[in-house]
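Quick notes on the structure that follows.
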Amino acid sequence: MTMQAASTEIMSRTAAIIDEMKGLEGPLLPILHSIQEEFGHVPKDALPVLADGLNLSRAEVHGVVSFYHDFRAHPAGRHVLKLCQAEACQSMGSEAVAAKVKQLLGIDFHETTRDGSVTLEPVYCLGLCACSPSAMLDGEVIGRLDDEKIEEIVAEVRS
């Protein structure tokens, strides 16, 4: 598929999502979530279509997309590993956990491994403060991270 055809497809699918959801109260966030679900990220080509479809400025749409950390500008890896960096987890060693995961994967936060297997993201509270340090792998929460669990997680996302 050429770049032009891909862009046209993105704009067409985005317009269909907008038409389906624009009647919702405060439709911007639900539409953005649907776009990300559809494409795995929020493509740049979708933003002007979204602004026009909801009668918003491009700056307003960009502001919302850039404000909320869950919206991605690029596709994530096959797995998404979120490491809690909130105060309770920090007090229980989340910085050491993050350092070990980064070292094992060879990436930093907001990066994806070269093979596309995993994207590493920080998150600020998963609600597992009593089980610190914690993480979320593909939507499943994991508490009481230690070296053994870290190695298991890395092995799982690499397989």
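Each chain in the structure tokens gets a letter, A, B, ..., in the order shown, and its residues are numbered from 1; ligands are numbered from 1 in order too.
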Inset, instruction - Per DSSP on the backbone, filter segment 21-52 of chain A down to the residues in helix (DSSP H, G or I) and report them as a ChimeraX atom specification. - result: /A:21,28-39,46-52
Atoms kept (C-alpha atoms) for selection, written as a PDB file, in the first residue's frame:
ATOM      1  CA  MET A  21     -19.683   8.300  17.900  1.00  0.00           C
ATOM      2  CA  LEU A  28     -13.495  13.485  21.738  1.00  0.00           C
ATOM      3  CA  LEU A  29     -11.993  11.058  24.272  1.00  0.00           C
ATOM      4  CA  PRO A  30     -14.156   8.049  23.320  1.00  0.00           C
ATOM      5  CA  ILE A  31     -13.402   8.693  19.650  1.00  0.00           C
ATOM      6  CA  LEU A  32      -9.664   8.932  20.334  1.00  0.00           C
ATOM      7  CA  HIS A  33      -9.804   5.627  22.223  1.00  0.00           C
ATOM      8  CA  SER A  34     -11.634   4.016  19.296  1.00  0.00           C
ATOM      9  CA  ILE A  35      -9.115   5.382  16.810  1.00  0.00           C
ATOM     10  CA  GLN A  36      -6.249   4.012  18.879  1.00  0.00           C
ATOM     11  CA  GLU A  37      -8.018   0.667  19.179  1.00  0.00           C
ATOM     12  CA  GLU A  38      -8.499   0.600  15.401  1.00  0.00           C
ATOM     13  CA  PHE A  39      -4.943   1.545  14.405  1.00  0.00           C
ATOM     14  CA  ALA A  46      -6.507  11.287  11.792  1.00  0.00           C
ATOM     15  CA  LEU A  47      -6.138  14.556  13.715  1.00  0.00           C
ATOM     16  CA  PRO A  48      -7.373  17.031  11.054  1.00  0.00           C
ATOM     17  CA  VAL A  49     -10.288  14.713  10.214  1.00  0.00           C
ATOM     18  CA  LEU A  50     -11.177  14.579  13.889  1.00  0.00           C
ATOM     19  CA  ALA A  51     -10.912  18.352  14.301  1.00  0.00           C
ATOM     20  CA  ASP A  52     -13.141  18.973  11.287  1.00  0.00           C
TER      21      ASP A  52
END
Legend entry - Backbone DSSP call of strand (DSSP E or B) for chain A, listed as a ChimeraX atom specification: /A:79-84,111-112,118-123,135-137,140-142
Legend entry - Polymer residues at most 12 Å from Ile153 of chain A, only C-alpha atoms, same-chain spacing of 2 or more positions, as a PyMOL selection string: chain A and resi 79-83+97+100-101+104-105+118+120+135-138+140-143+145-151+155-159
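For Cys84 of chain A, the residues within 8 Å (counting only C-alpha atoms, excluding itself and residues fewer than 6 positions away along the chain) are Ser94, Pro122, Val123, Tyr124, Cys125, Leu126, Pro133, Ser134 and Ala135 of chain A.
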Can you write just those residues out, C-alpha atoms, as a PDB file, in the first residue's frame?
ATOM      1  CA  SER A  94      10.356   0.604  41.613  1.00  0.00           C
ATOM      2  CA  PRO A 122       5.812   4.453  32.982  1.00  0.00           C
ATOM      3  CA  VAL A 123       2.480   4.669  34.772  1.00  0.00           C
ATOM      4  CA  TYR A 124       1.636   6.649  37.855  1.00  0.00           C
ATOM      5  CA  CYS A 125      -0.408   4.386  40.120  1.00  0.00           C
ATOM      6  CA  LEU A 126      -2.044   1.096  39.288  1.00  0.00           C
ATOM      7  CA  PRO A 133       6.339  -2.393  43.283  1.00  0.00           C
ATOM      8  CA  SER A 134       3.808  -3.191  40.593  1.00  0.00           C
ATOM      9  CA  ALA A 135       3.419  -3.388  36.837  1.00  0.00           C
TER      10      ALA A 135
END
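Comparing A:Ile18, A:Met92, A:Ala6, A:Leu54 by their smallest distance to Ser132 of chain A, the closest is A:Met92 (using only C-alpha atoms).
Closest approach to His74 of chain A from the set A:Gly23, A:Gly53, A:Gly106, A:Gly116 is made by A:Gly116, with distances taken over only C-alpha atoms.
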